[in-house]
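Engineer: I'd like to ask some things about the structure below.
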Amino acid sequence: MSTGGNEERKNPPPETKHSLWLRRAVIASFWAVVAFLGLPVWWKTTAIYRADLPLQDMTAWANGQVCKPIFPIHIAVQAPLLPHDAHHLIHATQQTLNDLSDFPAHQLRLVFAEPPQPANASQQVVADGSGTAELDDTVALAVRLIPVETGATPRSQLQPFLATLDIYYSPSQIPSESSTNSPLATYIAQELHQLYAQERVRLSGLYSNAASQSESLSPELAVQLQRDSARAFKYAPTYHLTFSLFTPTSTPSAWDIEAALRQYMNPILESFSGISNFTIDTQVQLYANFSPSIRQPEYDNDAKAWTIFKEDVGGFINAAEWPLSPSIGRGPTINFALYVPDEAQSPLFVQGSRDNSWLVPQWGGLMILNPQSYQATLTKEALVPAMQVFSTQLSSLLGLPQTPASLPLRISTLIRIHATSLLFSASSTLGALAQVYQKMPTIPVPDPVAKSVDLSLAHLHRACELLRDGRFQDALENARTADGEAEKAFFERSMVGQVYFPDEHKVAVYLPLLGPVAVPLVMAALKEIKSGIAAVKGR
Amino acid sequence: MKLSAALAPLLLAPLAAAEHTSNWAVLVGTSRFWFNYRHLANVLSLYRTVKRLGIPDSQIILMLPDDMACNPRNAFPGTVYNNADRALDLYGDNIEVDYRGYEVTVENFIRLMTDRVSEDMPRSKRLMTDERSNILVYMTGHGGNEFLKFQDAEEISAYDLADAFGQMWEKKRYHEMLFMIDTCQANTMYSKFYSPNILATGSSDIDQSSYSHHADNDVGVAVIDRYTYYNLEFLETNVRDPTSKVTMGELFDSYNPADMHSDPGIRYDLFAGGDAGARSRLVMDFFGNVQNVEIDAGSGKDETQWREELEAIDKMILEAKRRHNETLNLRPQAQHIMEEAVAMEPQQSTKKPGAVKVDTESGWSKQIVGAAALLGFAGVWAAGSWLESL
């Protein structure tokens with residue numbers, strides 16, 4: 001610096017105003033780009049989009065504050081009586097029913113229906129179903145009062161394939177205007193109460209999900225309900241049924257399964273068609289061996305049969321090698337396996353009995369078929385026992401209640417149970433989504449989720465109203481849609497907050513990128529501000 | 001009082017039995033390359049064990065990032081061994097790998113656990129659990145403090161894992177979970193869990209490595225890790241068949257830090273019933289499958305009655321259909337159109353979702369440290385350029 005020596009250091013010529021302002025404008029424009037372009041772009045590109053969700057509604061549904069489902073069951077009473085008498089009887093019965101009720105959400109409501117043939121009311125009505133044809137479809141059960149002269153009265157008979165309860169009474173038992181309680185009214189009320197006993201228990205079980213109702217239950221019933229619920233599949237709109245034939249040898253190598261299914265399985269499946277859809281496939285597996293973990297069958301001399309050990313029944317299905325999980329279709333698979341033992345080891349039974357079929361909860365059923373004769377093809381007739389076993393197993397795997405004896409009643413019970421459980425399950429899914437939304441602020445929530453949530457809430461409301469109106473089939477459909485939408489919202493594919501970044505990582509990412517750019521910018525700005533202040537002071 | 005005391009076991013027994021109705025296993029290896037042979041052998045050993053104890057392939061999700069059996073450096077092609085005696089070929093002829101090679105990623109793992117998968121994902125690659133399922137999650141690979149590397153390319157942090165399990169709990173996707181991890185500093189991986197009913201165990205404490213057990217000189221690399229080896233040894237010798245009543249407590253008691261050369265950790269606090277509750281669980285509750293079968297005692301109804309019933313059902317259905325058709329003719333068919341509109345929707349929104357970068361605003365102190373570090377660097381830079389300008 002001082003090599004020249006003699007003169008003082010030369011200053012550069014003073015800046016012109018113009019260049020000063022030009023420089024300031026340049027710096028300001030750089031900063032403007034940073035502030036008005038860079039920052040918004042950074043903000044925009046790193047922000048996580050979270051659609052607005054009606055969190056309060058969702059939580060309220062999950063906590064059961066919005067909808068307390070009630071189950072008004074309309075029961076039509078057909079009585080060959082004068083309207084006045086009939087109304088009196090219905091009134092008395094309804095009163096008794098209300099007194100009996102131990103689960104207020106489950107309400108049996110009696111309505112009077114005009115008897116189909118009032119002219120010849122004294123005749124016994126023929127049980128051909130024509131009597132219920134004109135009833136409105138919210139009616140769950142028809143009670144027919146039939147006067148008889150003989151036999152013990154009152155007595156009742158439930159039609160096994162009609163939603164009809166016949167009550168036989170002697171005309172003298174009609175309550176008179178003055179009497180407040182009549183044995184006939186009490187009898188009808190008790191019959192009806194009994195008819196819906198199991199349904200009440202299961203619905204109230206869904207309600208509380210706890211053992212609070214167990215005091216009103218007999219222990220056997222509690223155990224049975226517990227078993228039933230552990231056995232049945234969760235509700236699905238579609239189930240896939242797989243029928244498999246396994247044999248350790250090469251015979252039989254074919255079976256007439258299609259015809260057998262059509263004849264023996266279709267009726268059952270049809271009767272469930274209001275609840276779920278079914279898809280079916282079948283397969284034949286030859287040379288299917290036992291899994292190595294179970295003992296080979298032994299010959300029991302007393303029973304003159306081959307037996308497998310009871311403890312080995314659970315491991316009988318060789319899950320490792322038998323192709324039992326076809327992953328076909330969308331719904332869960334219900335497996336039915338038919339095992340035809342080696343001719344040399346036939347007949348084969350479970351040890352200590354002649355039982356040859358069993359049910360695996362939430363999986364399916366298995367039957368060992370000991371055919372009369374070993375032929376290449378199992379005929380439809382040979383498959384009859386298997387079809388019978390499988391159809392029974394199917395009913396219990398689908399959660400069909402054991403009582404009452406009438407199939408339509410049991411199916412409508414199942415509809416109510418599924419509608420309720422779907423309602424609760426959709427609510428709980430929405431609650432879970434609300435929780436996840438609140439607890440994990442880093443998870444992106446796209447618009448389709450909000451849309452699905454709205455749809456789900458709308459259908460939930462609708463389902464709840466329909467339940468209140470007693471339109472259970474429609475309620476089930478709405479609850480199903482609600483549940484489907486809620487699941488779709490929760491399992492939205494893009495809602496994966498994938499990687500947690502420690503702050504060190506962020507520094508490591510941003511510093512090399514922004515450091516070289518930021519330093520000259522900051523330094524220039526500082527210098528300019530300093531000189532600006534100095535200029536102001538020096539003035 | 002007496003009566004209820006007498007009834008208690010009656011009521012409790014079915015409740016206890018009905019606690020879980022299915023078992024699932026998620027077995028994850030996270031390393032590639034030949035020298036990580038042992039990690040794949042670890043996973044395959046566990047796979048073999050749970051299969052032996054009855055979990056079907058459809059309920060096992062196996063993630064293998066590399067194929068050691070077909071590696072060109074494998075002196076025994078087509079096989080994987082976990083012991084130098086080479087008595088047992090783990091590869092066998094019946095293994096079902098659900099996620100292989102480059103499919104084994106953090107994203108896919110988290111998607112699997114939370115079931116956020118695309119619609120065309122086959123069912124065999126999904127974890128279809130519900131609130132009645134017990135899940136065994138076993139992971140092995142190279143890890144560190146609060147992370148586990150996936151394929152040398154990315155890592156899953158303890159926070160991600162905890163959040164994934166948290167979401168599973170919210171959605172009722174498990175009843176109880178056993179989390180096992182064999183990696184360096186494994187115990188840090190479960191330290192962030194917060195969801196109930198998880199029993200977690202790991203091979204080594206923070207700042208500890210997890211060591212391999214022994215090498216096979218012909219294979220040329222280590223064939224199994226110590227933690228996994230001793231777990232397997234216990235399972236092979238004490239849990240011989242699916243009826244075993246061995247408890248988790250007994251398994252944990254068998255852990256010997258001197259053998260493992262590290263301190264295996266166990267976390268009880270999330271589990272219902274804590275320490276005692278977790279220790280009294282059966283090993284089979286996690287490693288085996290539920291075996292409740294119900295034998296149909298004397299097949300109920302006789303055949304002719306059943307046939308009559310079928311016919312009656314047929315009639316009933318015909319009748320119902322007839323009535324349905326009658327009402328259908330009366331009712332306007334608006335509902336149908338709605339259905340179609342709903343069905344159309346998913347096609348429109350087939351936007352391909354990708355991984356999303358995530359930011360966590362946890363803890364101001366960390367942020368301040370980060371900011372300070374940034375400022376420090378900036379300061380040094382500024383000082384440098386200032387000095388230069390002199």
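Chains: A, B, ... in order of the structure tokens. Residues: from 1 per chain. Ligands: from 1, in order shown.
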Counting only C-alpha atoms, which residues of stretch 184-275 of chain A sit at most 8 Å from some atom of stretch 302-320 of chain B, and what is each one's closest atom pair with its distance in Å to one decimal, listed by chain and rising residue number, as JSON lines?

Structural biologist:
{"residue": "A:Tyr264", "atom": "CA", "partner": "B:Leu310", "partner_atom": "CA", "distance": 7.1}
{"residue": "A:Pro267", "atom": "CA", "partner": "B:Asp314", "partner_atom": "CA", "distance": 5.5}
{"residue": "A:Ile268", "atom": "CA", "partner": "B:Ile313", "partner_atom": "CA", "distance": 7.4}
{"residue": "A:Glu270", "atom": "CA", "partner": "B:Ile317", "partner_atom": "CA", "distance": 7.0}
{"residue": "A:Ser271", "atom": "CA", "partner": "B:Ile317", "partner_atom": "CA", "distance": 6.5}

Engineer: With only C-alpha atoms as the counted atoms, please give the residues lying no more than 12 Å from A:Ala450, apart from itself and same-chain residues fewer than 6 positions off, as a list of chain:residue names.

Structural biologist: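 Once the adjacent positions are removed, what remains is A:Tyr49, A:Arg50, A:Ala51, A:Asp52, A:Leu53, A:Pro54, A:Leu55, A:Met58, A:Leu430, A:Leu433, A:Ala434, A:Tyr437, A:Pro444, A:Ser456, A:Leu457, A:Glu485, A:Ala486, A:Lys488, A:Ala489, A:Phe490, A:Glu492.
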
Engineer: At a cut-off of 9 Å, using only C-alpha atoms, what residues contact A:Val340? Leave out same-chain residues fewer than 3 positions from it and give the result as a count of residues only.

Structural biologist: 15

Engineer: For a test of reading the model, state the distance in Å between atom CA of A:Val509 and atom CA of B:Gly370, rounded to one decimal.

Structural biologist: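 Atom CA of A:Val509 sits 11.8 Å away from atom CA of B:Gly370.
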
Engineer: Find, counting only C-alpha atoms, the residue in A:Asn63, A:Gln362, A:Gln393, A:Ser170 that gets nearest to B:Val290.

Structural biologist: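 Selected residue with least distance to B:Val290: A:Gln362.
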
Engineer: Which residues, written as a list in words, have at least one atom at most 9 Å from A:Val111, with only C-alpha atoms counted and residues fewer than 3 positions away on the same chain left out?

Structural biologist: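 Near A:Val111, the qualifying residues are His74, Ile75, Ala76, Val77, Gln78, His87 and Ile90 of chain A.
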
Engineer: Work out how far apart atom CA of A:Phe161 and atom CA of A:Met265 are and give it in Å to one decimal.

Structural biologist: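 Interatomic distance, atom CA of A:Phe161 to atom CA of A:Met265: 16.8 Å.
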
Engineer: So which bits of stretch 58-104 of chain B end up helix (DSSP H, G or I) when you DSSP the backbone, as a list in words?

Structural biologist: Ser58, Gln59, Met68, Ala69, Cys70, Gly101, Tyr102 and Glu103 of chain B

Engineer: Quick one: write out the picked residues with all heavy atoms as an mmCIF file, in the first residue's frame?

Structural biologist:
data_model
loop_
_atom_site.group_PDB
_atom_site.id
_atom_site.type_symbol
_atom_site.label_atom_id
_atom_site.label_comp_id
_atom_site.auth_asym_id
_atom_site.auth_seq_id
_atom_site.Cartn_x
_atom_site.Cartn_y
_atom_site.Cartn_z
ATOM 1 N N SER B 58 -50.361 -66.330 4.089
ATOM 2 C CA SER B 58 -51.194 -65.179 3.766
ATOM 3 C C SER B 58 -51.165 -64.149 4.879
ATOM 4 O O SER B 58 -51.545 -63.003 4.679
ATOM 5 C CB SER B 58 -52.624 -65.641 3.519
ATOM 6 O OG SER B 58 -53.084 -66.386 4.620
ATOM 7 N N GLN B 59 -50.729 -64.549 6.069
ATOM 8 C CA GLN B 59 -50.680 -63.614 7.170
ATOM 9 C C GLN B 59 -49.247 -63.262 7.560
ATOM 10 O O GLN B 59 -48.995 -62.770 8.651
ATOM 11 C CB GLN B 59 -51.443 -64.178 8.377
ATOM 12 C CG GLN B 59 -52.942 -64.036 8.185
ATOM 13 C CD GLN B 59 -53.752 -64.942 9.072
ATOM 14 O OE1 GLN B 59 -54.594 -65.687 8.610
ATOM 15 N NE2 GLN B 59 -53.500 -64.892 10.370
ATOM 16 N N MET B 68 -30.151 -63.632 -1.473
ATOM 17 C CA MET B 68 -28.860 -64.259 -1.200
ATOM 18 C C MET B 68 -28.741 -65.637 -1.851
ATOM 19 O O MET B 68 -27.659 -66.055 -2.242
ATOM 20 C CB MET B 68 -28.656 -64.408 0.310
ATOM 21 C CG MET B 68 -28.449 -63.101 1.007
ATOM 22 S SD MET B 68 -27.163 -62.158 0.211
ATOM 23 C CE MET B 68 -27.553 -60.536 0.775
ATOM 24 N N ALA B 69 -29.878 -66.322 -1.953
ATOM 25 C CA ALA B 69 -29.820 -67.679 -2.498
ATOM 26 C C ALA B 69 -29.308 -67.665 -3.926
ATOM 27 O O ALA B 69 -28.626 -68.592 -4.365
ATOM 28 C CB ALA B 69 -31.199 -68.317 -2.432
ATOM 29 N N CYS B 70 -29.615 -66.612 -4.652
ATOM 30 C CA CYS B 70 -29.229 -66.558 -6.055
ATOM 31 C C CYS B 70 -28.073 -65.594 -6.287
ATOM 32 O O CYS B 70 -27.813 -65.193 -7.419
ATOM 33 C CB CYS B 70 -30.422 -66.154 -6.904
ATOM 34 S SG CYS B 70 -31.787 -67.293 -6.718
ATOM 35 N N GLY B 101 -36.390 -56.855 -3.218
ATOM 36 C CA GLY B 101 -35.513 -55.908 -3.903
ATOM 37 C C GLY B 101 -35.844 -54.467 -3.584
ATOM 38 O O GLY B 101 -36.025 -54.097 -2.425
ATOM 39 N N TYR B 102 -35.980 -53.675 -4.640
ATOM 40 C CA TYR B 102 -36.172 -52.246 -4.434
ATOM 41 C C TYR B 102 -37.565 -51.901 -3.945
ATOM 42 O O TYR B 102 -37.871 -50.739 -3.736
ATOM 43 C CB TYR B 102 -35.840 -51.494 -5.732
ATOM 44 C CG TYR B 102 -34.367 -51.508 -6.015
ATOM 45 C CD1 TYR B 102 -33.841 -52.159 -7.109
ATOM 46 C CD2 TYR B 102 -33.493 -50.878 -5.132
ATOM 47 C CE1 TYR B 102 -32.485 -52.187 -7.343
ATOM 48 C CE2 TYR B 102 -32.136 -50.904 -5.349
ATOM 49 C CZ TYR B 102 -31.629 -51.556 -6.458
ATOM 50 O OH TYR B 102 -30.288 -51.577 -6.658
ATOM 51 N N GLU B 103 -38.432 -52.891 -3.784
ATOM 52 C CA GLU B 103 -39.737 -52.597 -3.179
ATOM 53 C C GLU B 103 -39.624 -52.362 -1.685
ATOM 54 O O GLU B 103 -40.545 -51.855 -1.065
ATOM 55 C CB GLU B 103 -40.688 -53.774 -3.394
ATOM 56 C CG GLU B 103 -41.233 -53.877 -4.787
ATOM 57 C CD GLU B 103 -42.137 -55.090 -4.938
ATOM 58 O OE1 GLU B 103 -41.979 -56.062 -4.175
ATOM 59 O OE2 GLU B 103 -42.979 -55.060 -5.819
#

Engineer: Using only C-alpha atoms, determine which residues lie at most 9 Å from A:Ile188, disregarding the query and same-chain residues fewer than 6 positions distant; provide the list as a ChimeraX atom specification.

Structural biologist: /A:93,97,143,154,156,167

Engineer: Residues within 6 Å of stretch 415-424 of chain A, please, as a VMD selection string. Count only C-alpha atoms; anything in the same chain fewer than 2 positions from it doesn't count.

Structural biologist: chain A and resid 412 to 413 426 to 427 476 479

Engineer: Would you mind exporting N, CA, C and O atoms of the selected residues as an mmCIF file, in the first residue's frame?

Structural biologist:
data_model
loop_
_atom_site.group_PDB
_atom_site.id
_atom_site.type_symbol
_atom_site.label_atom_id
_atom_site.label_comp_id
_atom_site.auth_asym_id
_atom_site.auth_seq_id
_atom_site.Cartn_x
_atom_site.Cartn_y
_atom_site.Cartn_z
ATOM 1 N N SER A 412 -83.365 -60.260 9.281
ATOM 2 C CA SER A 412 -83.594 -58.837 9.554
ATOM 3 C C SER A 412 -82.868 -58.427 10.832
ATOM 4 O O SER A 412 -82.402 -57.284 10.949
ATOM 5 N N THR A 413 -82.730 -59.347 11.773
ATOM 6 C CA THR A 413 -81.900 -59.063 12.946
ATOM 7 C C THR A 413 -80.472 -58.769 12.517
ATOM 8 O O THR A 413 -79.854 -57.797 12.957
ATOM 9 N N ALA A 426 -67.998 -46.664 11.204
ATOM 10 C CA ALA A 426 -67.724 -45.456 10.420
ATOM 11 C C ALA A 426 -67.440 -44.287 11.348
ATOM 12 O O ALA A 426 -66.508 -43.503 11.135
ATOM 13 N N SER A 427 -68.222 -44.176 12.427
ATOM 14 C CA SER A 427 -67.998 -43.088 13.377
ATOM 15 C C SER A 427 -66.603 -43.182 13.977
ATOM 16 O O SER A 427 -65.899 -42.180 14.098
ATOM 17 N N LEU A 476 -78.990 -49.845 6.362
ATOM 18 C CA LEU A 476 -77.781 -50.650 6.141
ATOM 19 C C LEU A 476 -77.029 -50.145 4.923
ATOM 20 O O LEU A 476 -75.804 -49.994 4.958
ATOM 21 N N ALA A 479 -75.371 -46.892 5.828
ATOM 22 C CA ALA A 479 -74.268 -47.106 6.771
ATOM 23 C C ALA A 479 -73.078 -47.722 6.038
ATOM 24 O O ALA A 479 -71.927 -47.387 6.305
#

Engineer: Please extract the residues of stretch 244-320 of chain B with a backbone DSSP assignment of strand (DSSP E or B) and present them as number ranges by chain.

Structural biologist: B: 247, 265-267, 282, 294-295

Engineer: Can those selected residues be exported to a file as a short mmCIF file (atom, residue, chain, number, x, y, z; two decimals), in the first residue's frame so that it contains N, CA and C atoms?

Structural biologist:
data_model
loop_
_atom_site.label_atom_id
_atom_site.label_comp_id
_atom_site.auth_asym_id
_atom_site.auth_seq_id
_atom_site.Cartn_x
_atom_site.Cartn_y
_atom_site.Cartn_z
N THR B 247 -44.14 -68.59 28.15
CA THR B 247 -44.54 -67.18 28.19
C THR B 247 -43.43 -66.28 27.65
N GLY B 265 -32.83 -54.95 25.26
CA GLY B 265 -33.77 -54.15 26.03
C GLY B 265 -35.19 -54.63 25.81
N ILE B 266 -36.02 -54.38 26.80
CA ILE B 266 -37.43 -54.75 26.71
C ILE B 266 -38.23 -53.57 27.21
N ARG B 267 -39.28 -53.21 26.51
CA ARG B 267 -40.10 -52.09 26.95
C ARG B 267 -41.50 -52.59 27.28
N LEU B 282 -48.36 -65.49 26.26
CA LEU B 282 -47.70 -66.66 25.69
C LEU B 282 -46.87 -66.25 24.47
N GLU B 294 -63.87 -75.23 16.15
CA GLU B 294 -65.08 -75.74 16.79
C GLU B 294 -65.55 -76.94 16.00
N ILE B 295 -65.44 -78.08 16.62
CA ILE B 295 -65.88 -79.29 15.94
C ILE B 295 -67.40 -79.35 15.97
#

Engineer: Which residues, written as a ChimeraX atom specification, have at least one atom at most 9 Å from stretch 42-55 of chain B, with only C-alpha atoms counted and residues fewer than 4 positions away on the same chain left out?

Structural biologist: /A:293,315,318-320 /B:22-25,27-29,37-38,59-60,62-64,80-82,90-91,95,138-140,182,223-225,228-229,232,235-236,239-242,284,286-291

Engineer: Report the distance between atom CA of A:Pro69 and atom CA of A:Asn478 in Å, rounded to one decimal place.

Structural biologist: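 Here the two named atoms are 13.6 Å from each other.
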
Engineer: Pick out the closest residue to chain A from this set: B:Val283, B:Met128, B:Leu178, B:Val104. Count only C-alpha atoms.

Structural biologist: B:Met128

Engineer: From the set B:Met177, B:Ile206, B:Ala222, B:Val106, which residue has the shortest atom-to-atom contact distance to chain A, counting only C-alpha atoms?

Structural biologist: B:Val106

Engineer: Pick from B:Asn256, B:Asn292, B:Ser280, B:Ser389: nearest to A:Asp312, with only C-alpha atoms counted?

Structural biologist: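 Among the listed residues, the smallest separation from A:Asp312 belongs to B:Asn292.
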
Engineer: Closest to chain A among B:Trp364, B:Tyr230, B:Phe271, B:Phe179, using only C-alpha atoms?

Structural biologist: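 Between B:Trp364, B:Tyr230, B:Phe271, B:Phe179, the residue approaching chain A most closely is B:Trp364.
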